[in-house]
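**Student:** The structure that follows is given in the form of structure tokens.
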Amino acid sequence: MEKQDLKPLFVLVRLFFVRESSRRLQSKGILFYLKALRALRGGVQGSLIVFHFLQTIMLSFLCAVTAEVFLAVEDQHTRLLMLLGFFSFLFVIPFIGVAALFSEKLWYRASGAEKMVEEFTLSKSTH
């Protein structure tokens, strides 16, 4: 066989290796992106926990002052139950919001990672 006869074979082999390496680089890029997204989410969670702790301290002070005022008024039981319900509501709502905000599914969709993974899997299955 001559060198010219093997040239199309070399081109096909090179094309296969280029596509395979491109696919591997793309999958590693997506994995890196997902890990970076998780790290970013963790950092934001940490700062919000500190912020929420400081807010809780301020809210506790407000609760103590309000409870003192209401204790000085007649029919204490009803007013304290109202205070308990109101401040429990103020305490629980931020936790529900933070839990919804840091849902991994929400971040996965909002960041565009879901679309990237879908496109990659579709391109992988077609090749």
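We name chains A, B, ... following the order of the structure tokens; residues begin at 1 in each chain, and ligands are numbered from 1 as shown.
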Please report, as CSV, each residue of region 30-74 of chain A lying at most 10 Å from region 96-116 of chain A, together with the nearest pair of atoms and the separation in Å rounded to one decimal; use only C-alpha atoms, and order rows by chain and ascending residue number.
**Tutor:**
residue,atom,partner,partner_atom,distance
A:Ile30,CA,A:Met116,CA,7.3
A:Leu31,CA,A:Ala113,CA,9.7
A:Tyr33,CA,A:Ala113,CA,7.9
A:Leu34,CA,A:Ala113,CA,7.1
A:Leu37,CA,A:Trp107,CA,8.1
A:Arg38,CA,A:Glu104,CA,8.2
A:Arg41,CA,A:Phe102,CA,7.1
A:Gly42,CA,A:Phe102,CA,8.8
A:Val44,CA,A:Phe102,CA,8.9
A:Gln45,CA,A:Phe102,CA,7.4
A:Leu48,CA,A:Val98,CA,8.3
A:Ile49,CA,A:Val98,CA,9.2
A:His52,CA,A:Val98,CA,9.7
**Student:** Write to file, as a PDB file, in the first residue's frame, the residues of the selection just made, with C-alpha atoms.
**Tutor:**
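Written output follows (part-v3.pdb):
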ATOM      1  CA  ILE A  30     -19.871  21.180  32.552  1.00  0.00           C
ATOM      2  CA  LEU A  31     -18.730  19.317  35.677  1.00  0.00           C
ATOM      3  CA  TYR A  33     -19.331  24.654  36.098  1.00  0.00           C
ATOM      4  CA  LEU A  34     -21.636  22.598  38.323  1.00  0.00           C
ATOM      5  CA  LEU A  37     -22.141  26.745  41.059  1.00  0.00           C
ATOM      6  CA  ARG A  38     -22.385  24.561  44.183  1.00  0.00           C
ATOM      7  CA  ARG A  41     -24.363  28.651  46.472  1.00  0.00           C
ATOM      8  CA  GLY A  42     -22.553  27.526  49.641  1.00  0.00           C
ATOM      9  CA  VAL A  44     -24.102  32.794  49.633  1.00  0.00           C
ATOM     10  CA  GLN A  45     -25.751  30.440  52.123  1.00  0.00           C
ATOM     11  CA  LEU A  48     -27.171  34.687  54.631  1.00  0.00           C
ATOM     12  CA  ILE A  49     -26.881  32.543  57.762  1.00  0.00           C
ATOM     13  CA  HIS A  52     -30.112  35.959  59.536  1.00  0.00           C
TER      14      HIS A  52
END
**Student:** Just want the 10 Å neighbourhood of region 84-88 of chain A, counted on only C-alpha atoms, with same-chain residues fewer than 6 positions away dropped. Output as a list in words.
**Tutor:**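 My list of contacting residues is Leu59, Ser60, Leu62, Cys63, Ala67 and Thr78 of chain A.
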